[in-house]
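Next comes final_2.txt, a file with compact mmCIF, C-alpha atoms and all ligand atoms.
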# COMPACT_ATOMS: atom_id res chain seq x y z
CA MET U 2 -201.57 57.40 -109.36
CA GLY U 3 -198.16 55.74 -109.25
CA LEU U 4 -195.48 55.74 -106.58
CA PHE U 5 -193.53 58.62 -108.12
CA SER U 6 -196.37 61.10 -108.32
CA LYS U 7 -196.40 61.69 -104.56
CA LYS U 8 -194.84 65.09 -103.89
CA GLU U 9 -193.83 66.51 -100.55
CA THR U 10 -194.06 70.28 -100.14
CA CYS U 11 -191.09 72.17 -98.68
CA CYS U 12 -191.66 72.74 -94.96
CA ILE U 13 -189.74 76.03 -95.06
CA CYS U 14 -191.54 77.95 -97.83
CA ASN U 15 -194.66 75.71 -97.95
CA ASP U 16 -194.61 76.26 -101.69
CA LYS U 17 -192.11 74.33 -103.79
CA GLU U 18 -191.49 70.63 -104.08
CA GLY U 19 -189.28 69.25 -101.30
CA LYS U 20 -185.99 67.63 -102.32
CA LYS U 21 -184.05 66.95 -99.15
CA LYS U 22 -185.41 65.03 -96.15
CA ILE U 23 -185.02 66.63 -92.74
CA ALA U 24 -186.50 65.91 -89.30
CA ASN U 25 -189.72 67.85 -89.96
CA GLY U 26 -190.29 66.93 -93.60
CA TYR U 27 -188.64 68.08 -96.82
CA VAL U 28 -186.76 71.19 -97.99
CA CYS U 29 -186.84 72.49 -101.57
CA LYS U 30 -183.78 73.35 -103.67
CA ASP U 31 -184.37 77.10 -103.43
CA CYS U 32 -184.56 77.06 -99.63
CA LEU U 33 -181.42 74.89 -99.49
CA HIS U 34 -179.58 77.49 -101.54
CA LEU U 35 -180.43 80.13 -98.95
CA CYS U 36 -178.13 78.25 -96.55
CA SER U 37 -174.34 78.52 -96.65
CA ILE U 38 -172.53 75.69 -98.42
CA PRO U 39 -170.82 74.34 -95.24
CA PHE U 40 -174.27 74.18 -93.65
CA GLN U 41 -175.87 72.52 -96.69
CA ILE U 42 -173.27 69.75 -96.51
CA LYS U 43 -174.20 69.05 -92.91
CA ILE U 44 -177.99 68.86 -93.44
CA ASN U 45 -179.37 65.36 -92.82
CA LYS U 46 -182.61 63.67 -91.78
CA ASN U 47 -182.06 64.79 -88.17
CA THR U 48 -181.71 68.50 -89.02
CA THR U 49 -184.66 70.47 -87.65
CA LYS U 50 -186.71 73.11 -89.44
CA GLU U 51 -185.75 75.64 -86.71
CA LEU U 52 -182.05 75.07 -87.38
CA ILE U 53 -182.58 75.70 -91.11
CA LEU U 54 -184.66 78.85 -90.52
CA ASN U 55 -181.93 80.09 -88.19
CA GLU U 56 -179.24 79.36 -90.78
CA ILE U 57 -181.21 81.15 -93.53
CA GLU U 58 -181.41 84.24 -91.30
CA ASN U 59 -177.71 84.07 -90.35
CA ASN U 60 -176.67 83.58 -93.94
CA LYS U 61 -178.74 86.58 -95.04
CA ASN U 62 -177.09 88.74 -92.36
CA ASN U 63 -173.68 87.42 -93.39
CA LYS U 64 -174.29 88.36 -97.04
CA ASN U 65 -175.36 91.86 -96.00
CA LEU U 66 -172.21 92.18 -93.90
CA LEU U 67 -170.12 91.13 -96.90
CA THR U 68 -171.46 94.04 -98.93
CA VAL U 69 -170.12 96.55 -96.37
CA PHE U 70 -166.87 94.70 -95.59
CA VAL U 71 -163.84 96.70 -96.74
CA TYR U 72 -160.49 95.23 -95.86
CA THR U 73 -157.85 97.46 -94.33
CA LYS U 74 -155.38 94.61 -94.01
CA ARG U 75 -155.00 91.52 -96.11
CA ILE U 76 -152.42 88.75 -95.80
CA GLY U 77 -151.89 86.90 -99.08
CA ASN U 78 -155.14 85.30 -100.18
CA TYR U 79 -155.49 83.83 -96.72
CA ILE U 80 -157.28 86.34 -94.54
CA GLU U 81 -158.74 89.87 -94.63
CA PHE U 82 -159.33 92.28 -91.77
CA ASP U 83 -161.65 95.28 -91.66
CA GLU U 84 -160.16 97.16 -88.72
CA ASN U 85 -162.79 99.92 -88.80
CA LYS U 86 -165.71 97.53 -88.38
CA ARG U 87 -163.58 95.05 -86.38
CA LEU U 88 -164.44 92.20 -88.76
CA TRP U 89 -162.42 89.51 -90.51
CA LEU U 90 -162.96 86.73 -93.00
CA ILE U 91 -161.18 83.90 -94.76
CA PRO U 92 -161.79 84.12 -98.54
CA ASP U 93 -163.64 80.98 -99.63
CA GLY U 94 -163.16 81.15 -103.40
CA PHE U 95 -160.24 80.31 -105.67
CA GLY U 96 -157.32 82.76 -105.52
CA GLY U 97 -158.75 84.80 -102.66
CA LYS U 98 -162.19 85.37 -104.20
CA LYS U 99 -165.03 85.94 -101.78
CA VAL U 100 -168.07 83.83 -102.67
CA ASN U 101 -169.91 83.68 -99.36
CA PRO U 102 -167.26 83.61 -96.63
CA LYS U 103 -168.37 83.57 -93.01
CA ILE U 104 -167.69 86.98 -91.47
CA TYR U 105 -166.47 87.04 -87.89
CA SER U 106 -165.93 89.90 -85.49
CA PHE U 107 -162.62 90.49 -83.69
CA GLY U 108 -164.34 89.56 -80.44
CA ASP U 109 -165.23 86.09 -81.80
CA ILE U 110 -161.61 84.93 -81.64
CA VAL U 111 -160.91 82.80 -78.60
CA GLY U 112 -157.59 81.29 -79.66
CA TYR U 113 -155.34 80.32 -82.54
CA GLU U 114 -152.77 77.66 -83.27
CA LEU U 115 -150.24 77.16 -86.05
CA LEU U 116 -150.08 73.51 -87.09
CA GLU U 117 -147.41 71.99 -89.32
CA ASN U 118 -148.01 68.39 -90.41
CA GLY U 119 -150.48 68.34 -87.54
CA ASP U 120 -147.88 69.36 -84.93
CA SER U 121 -148.50 72.50 -82.91
CA ILE U 122 -145.81 75.10 -83.63
CA THR U 123 -147.23 77.98 -81.64
CA LYS U 124 -150.52 78.94 -80.07
CA GLY U 125 -152.16 81.73 -78.16
CA GLY U 126 -155.44 83.33 -77.37
CA LEU U 127 -157.62 85.31 -75.02
CA GLY U 128 -156.33 85.95 -71.56
CA ARG U 129 -153.09 84.02 -71.85
CA ALA U 130 -149.64 84.78 -73.16
CA VAL U 131 -148.53 83.23 -76.42
CA ALA U 132 -147.14 79.81 -75.59
CA GLY U 133 -143.40 79.51 -75.90
CA GLY U 134 -142.45 83.14 -75.42
CA VAL U 135 -143.35 86.74 -74.92
CA LEU U 136 -144.43 88.77 -77.91
CA LEU U 137 -141.81 91.46 -77.24
CA GLY U 138 -139.25 89.78 -79.47
CA GLY U 139 -141.72 89.57 -82.33
CA VAL U 140 -143.40 86.47 -83.65
CA GLY U 141 -140.13 85.24 -85.13
CA ALA U 142 -138.82 84.76 -81.61
CA ILE U 143 -141.76 82.59 -80.60
CA ILE U 144 -141.68 80.42 -83.66
CA GLY U 145 -137.88 80.23 -83.51
CA GLY U 146 -138.18 77.73 -80.70
CA ALA U 147 -139.53 75.14 -83.07
CA THR U 148 -136.90 75.42 -85.82
CA GLY U 149 -134.76 72.64 -84.36
CA LYS U 150 -137.60 70.22 -84.81
CA ARG U 151 -138.19 71.32 -88.37
CA LYS U 152 -134.69 70.42 -89.55
CA THR U 153 -135.63 66.75 -89.65
CA LYS U 154 -138.61 67.44 -91.92
CA THR U 155 -137.83 68.01 -95.57
CA ILE U 156 -141.39 67.68 -96.86
CA ILE U 157 -144.26 69.65 -95.40
CA ASN U 158 -147.66 68.13 -96.16
CA SER U 159 -149.73 70.71 -94.39
CA LEU U 160 -149.40 74.10 -92.79
CA LYS U 161 -152.53 75.61 -91.33
CA ILE U 162 -153.78 77.95 -88.65
CA LYS U 163 -156.66 76.80 -86.51
CA VAL U 164 -158.74 79.70 -85.19
CA THR U 165 -160.99 78.89 -82.25
CA ILE U 166 -164.27 80.80 -82.41
CA ASN U 167 -166.74 81.72 -79.71
CA ASP U 168 -169.52 79.72 -81.41
CA THR U 169 -170.72 76.37 -80.07
CA SER U 170 -172.16 75.17 -83.38
CA ASN U 171 -168.94 75.92 -85.27
CA PRO U 172 -166.13 76.24 -82.74
CA SER U 173 -163.18 76.45 -85.13
CA THR U 174 -162.14 77.49 -88.59
CA TYR U 175 -158.93 76.84 -90.52
CA ILE U 176 -156.64 78.96 -92.64
CA ASN U 177 -154.90 76.56 -95.02
CA LEU U 178 -151.46 77.73 -96.12
CA ILE U 179 -150.02 74.48 -97.48
CA THR U 180 -152.23 71.57 -98.48
CA THR U 181 -149.98 69.53 -100.78
CA PRO U 182 -146.50 68.04 -100.12
CA THR U 183 -144.02 70.92 -100.33
CA LYS U 184 -140.24 70.99 -99.82
CA ALA U 185 -139.24 72.78 -96.63
CA ASP U 186 -136.48 74.69 -98.45
CA SER U 187 -138.72 75.82 -101.31
CA PHE U 188 -139.81 79.38 -101.98
CA ILE U 189 -143.48 78.34 -101.70
CA TYR U 190 -142.96 77.00 -98.21
CA LYS U 191 -140.97 80.05 -97.06
CA ALA U 192 -143.60 82.43 -98.41
CA ALA U 193 -146.42 80.48 -96.75
CA TYR U 194 -144.49 80.35 -93.50
CA SER U 195 -143.88 84.07 -93.52
CA SER U 196 -147.59 84.68 -94.14
CA ALA U 197 -148.40 82.36 -91.25
CA GLN U 198 -146.14 84.41 -88.97
CA GLU U 199 -147.86 87.60 -90.02
CA ILE U 200 -151.33 86.13 -89.49
CA ILE U 201 -150.36 84.83 -86.03
CA SER U 202 -149.01 88.23 -85.03
CA VAL U 203 -152.23 90.00 -86.11
CA LEU U 204 -154.39 87.41 -84.31
CA SER U 205 -152.29 87.82 -81.18
CA ILE U 206 -152.69 91.61 -81.28
CA ILE U 207 -156.46 91.24 -81.74
CA THR U 208 -156.85 88.80 -78.85
CA GLN U 209 -154.61 90.89 -76.59
CA ASN U 210 -156.71 93.96 -77.37
CA SER U 211 -159.90 91.97 -76.71
CA SER U 212 -158.53 90.87 -73.32
CA ALA U 213 -157.62 94.48 -72.49
CA ARG U 214 -161.09 95.63 -73.56
CA CYS U 215 -162.76 93.08 -71.29
CA GLU U 216 -160.64 94.19 -68.34
CA LYS U 217 -161.41 97.85 -68.98
CA GLU U 218 -165.14 97.13 -69.20
CA THR U 219 -165.06 95.14 -65.97
CA ASN U 220 -163.23 97.98 -64.26
CA SER U 221 -165.67 100.62 -65.42
CA ILE U 222 -168.58 98.46 -64.27
CA SER U 223 -167.11 98.17 -60.79
CA VAL U 224 -166.46 101.94 -60.61
CA ALA U 225 -170.06 102.63 -61.59
CA ASP U 226 -171.13 100.13 -58.95
CA GLU U 227 -169.07 101.85 -56.27
CA LEU U 228 -170.42 105.27 -57.25
CA THR U 229 -174.00 104.04 -56.89
CA LYS U 230 -173.20 102.72 -53.43
CA LEU U 231 -171.57 106.03 -52.44
CA LYS U 232 -174.56 108.00 -53.69
CA LYS U 233 -176.83 105.79 -51.58
CA LEU U 234 -174.70 106.38 -48.50
CA LYS U 235 -174.89 110.12 -49.07
CA ASP U 236 -178.65 110.03 -49.64
CA GLU U 237 -179.08 108.08 -46.44
CA GLY U 238 -177.10 110.72 -44.60
CA ILE U 239 -174.27 108.35 -43.69
CA LEU U 240 -171.75 110.36 -45.74
CA THR U 241 -171.57 114.16 -45.74
CA GLU U 242 -171.50 116.05 -49.05
CA GLU U 243 -167.74 116.67 -48.59
CA GLU U 244 -167.01 113.03 -47.81
CA PHE U 245 -169.06 111.96 -50.81
CA ILE U 246 -167.16 114.28 -53.20
CA SER U 247 -163.82 113.23 -51.81
CA GLU U 248 -164.62 109.50 -52.13
CA LYS U 249 -166.06 110.04 -55.59
CA ASN U 250 -162.90 111.77 -56.80
CA LYS U 251 -160.78 108.96 -55.39
CA LEU U 252 -162.81 106.42 -57.36
CA LEU U 253 -162.72 108.33 -60.62
CA ASN U 254 -158.98 108.98 -60.42
CA LYS U 255 -158.19 105.36 -59.72
ZN ZN U 301 -188.73 75.93 -99.95
Go ahead and render the structure in this file as structure tokens.
Amino acid sequence: MGLFSKKETCCICNDKEGKKKIANGYVCKDCLHLCSIPFQIKINKNTTKELILNEIENNKNNKNLLTVFVYTKRIGNYIEFDENKRLWLIPDGFGGKKVNPKIYSFGDIVGYELLENGDSITKGGLGRAVAGGVLLGGVGAIIGGATGKRKTKTIINSLKIKVTINDTSNPSTYINLITTPTKADSFIYKAAYSSAQEIISVLSIITQNSSARCEKETNSISVADELTKLKKLKDEGILTEEEFISEKNKLLNK
């Protein structure tokens, strides 16, 4: 038997011939294809079997989610929102096609930032006001603050939105609006910029609603907590029935 006849079996399916070396052995082509492309790119000899099994499961769930995803709002080919299911995605194929985009929930968004040639134009996120202004005047007002700086730039090499995600293994994702040198006074740039404004305003509404949701949940938890304490006081005979009802009504009408 020669050197090349030695075959390693895939440590995921324990069936097919392994192709790619990982920490625990080899993975076959079929099992690799069950992982998302961004994950496949990152696989190396230090990747563990557990990590791959986890990715295969996540990717399966993601594909199932894609079959029920119906956008209610779409901005260019850049981003789609399903407001009913509170999901969003960035199309990963050419011209807005969806091959296997990662699907996020509204609650996954921690922050966002508009970057032009790498410079931060505006940013915002959970629990803080949009930097540079209040949203009352519309997004145009916020971004307006940066127009002075832009006058000196005639060529824009990149315009993108960085979205920070509540996920330690993949903490950010990018929406690329301009990726090749583009004149600042061109129609392409203006259209991309206007889409960026719209995306930022939707992201800011989502994060503001998420913040409000959190606050509401915290409040209702503390009310429930207080009610339990009151009930205990009544049961122990410390509060009379009348006092209990009166205190209870005060809490619920807060
Ligand atoms: Zn396999």
For this session: Would you please work out which residue, of U:Val111, U:Leu67, U:Val100, U:Ile246, is nearest to Leu88 (chain U) when using all atoms listed in the file?
Result: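 Using all atoms listed in the file, the shortest distance to Leu88 (chain U) belongs to U:Leu67.
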For this session: Give me, please, the distance in Å between CA of Gly108 (chain U) and CA of Gly126 (chain U), quoted to one decimal.
Result: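 These two atoms are separated by 11.3 Å.
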Problem set entry | Proximity to Ile176 (chain U) - best of U:Val203, U:Val71, U:Leu160, U:Cys36, all atoms listed in the file | U:Leu160
For this session: May I have the residues within 6 Å of ligand ZN 301 (chain U), computed using only C-alpha atoms and all ligand atoms, as a ChimeraX atom specification?
Result: /U:11,13-14,17,28-29,31-32
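Note that the spacing between CA of Ser173 (chain U) and CA of Lys124 (chain U) amounts to 13.9 Å.
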Exercise. What lies within 6 Å of region 180-190 of chain U using all atoms listed in the file, ignoring chain neighbours under 5 positions off, as JSON, numbers by chain?
Worked result: {"U": [155, 156, 157, 158, 159]}
Mind checking which residues fall within 10 Å of Asn45 (chain U), counting all atoms listed in the file, ignoring those fewer than 3 positions away in the same chain, and posting them as a PDB file with C-alpha atoms, keeping the file's coordinate frame?
ATOM      1  CA  LYS U  21    -184.050  66.950 -99.150  1.00  0.00           C
ATOM      2  CA  LYS U  22    -185.410  65.030 -96.150  1.00  0.00           C
ATOM      3  CA  ILE U  23    -185.020  66.630 -92.740  1.00  0.00           C
ATOM      4  CA  ALA U  24    -186.500  65.910 -89.300  1.00  0.00           C
ATOM      5  CA  GLN U  41    -175.870  72.520 -96.690  1.00  0.00           C
ATOM      6  CA  ILE U  42    -173.270  69.750 -96.510  1.00  0.00           C
ATOM      7  CA  THR U  48    -181.710  68.500 -89.020  1.00  0.00           C
ATOM      8  CA  THR U  49    -184.660  70.470 -87.650  1.00  0.00           C
TER       9      THR U  49
END
Exercise. When you draw a straight line from CA of Gly19 (chain U) to CA of Gly94 (chain U), how long is it in Å?
Worked result: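 So the two atoms, CA of Gly19 (chain U) and CA of Gly94 (chain U), lie 28.8 Å apart.
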For this session: Point out the residue among U:Ser211, U:Asp109, U:Ser121, U:Gly96 with the least atom-to-atom distance to Thr165 (chain U), counting all atoms listed in the file.
Result: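 So, comparing all the options, the nearest one is U:Asp109.
Distance annotation: of U:Asn85, U:Ser195, U:Asn254, U:Asn101, the residue with the minimal separation from Asn65 (chain U) is U:Asn101; atom set is only C-alpha atoms.
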Problem set entry | Among the residues U:Leu54, U:Leu240, U:Ala197, U:Leu33, the one that comes closest to Glu18 (chain U) [using all atoms listed in the file] |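 That would be U:Leu33, the residue with the smallest distance to Glu18 (chain U).
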For this session: Dig up all the protein and nucleic acid residues within 12 Å of (-177.9, 80.5, -88.6) in the file frame, using all atoms listed in the file, and format them as JSON, numbers by chain.
Result: {"U": [35, 36, 37, 39, 40, 41, 50, 51, 52, 53, 54, 55, 56, 57, 58, 59, 60, 61, 62, 63, 103, 168, 169, 170, 171]}
Residue neighbourhood region 205-207 of chain U, 10 Å, all atoms listed in the file, exclusion window fewer than 4 positions, as a PDB file with C-alpha atoms, in the coordinates of the input:
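Result file is around_37.pdb:
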ATOM      1  CA  GLU U  84    -160.160  97.160 -88.720  1.00  0.00           C
ATOM      2  CA  ARG U  87    -163.580  95.050 -86.380  1.00  0.00           C
ATOM      3  CA  PHE U 107    -162.620  90.490 -83.690  1.00  0.00           C
ATOM      4  CA  GLY U 108    -164.340  89.560 -80.440  1.00  0.00           C
ATOM      5  CA  ILE U 110    -161.610  84.930 -81.640  1.00  0.00           C
ATOM      6  CA  GLY U 112    -157.590  81.290 -79.660  1.00  0.00           C
ATOM      7  CA  TYR U 113    -155.340  80.320 -82.540  1.00  0.00           C
ATOM      8  CA  LYS U 124    -150.520  78.940 -80.070  1.00  0.00           C
ATOM      9  CA  GLY U 125    -152.160  81.730 -78.160  1.00  0.00           C
ATOM     10  CA  GLY U 126    -155.440  83.330 -77.370  1.00  0.00           C
ATOM     11  CA  LEU U 127    -157.620  85.310 -75.020  1.00  0.00           C
ATOM     12  CA  ALA U 130    -149.640  84.780 -73.160  1.00  0.00           C
ATOM     13  CA  VAL U 131    -148.530  83.230 -76.420  1.00  0.00           C
ATOM     14  CA  LEU U 136    -144.430  88.770 -77.910  1.00  0.00           C
ATOM     15  CA  VAL U 140    -143.400  86.470 -83.650  1.00  0.00           C
ATOM     16  CA  GLU U 199    -147.860  87.600 -90.020  1.00  0.00           C
ATOM     17  CA  ILE U 200    -151.330  86.130 -89.490  1.00  0.00           C
ATOM     18  CA  ILE U 201    -150.360  84.830 -86.030  1.00  0.00           C
ATOM     19  CA  SER U 211    -159.900  91.970 -76.710  1.00  0.00           C
ATOM     20  CA  SER U 212    -158.530  90.870 -73.320  1.00  0.00           C
ATOM     21  CA  ALA U 213    -157.620  94.480 -72.490  1.00  0.00           C
TER      22      ALA U 213
END
For this session: Have a look at U:Leu66, U:Ile91, U:Ile104, U:Ile162 and name the one nearest to Ser202 (chain U); count all atoms listed in the file.
Result: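 Ranked by minimum distance to Ser202 (chain U), first place goes to U:Ile162.
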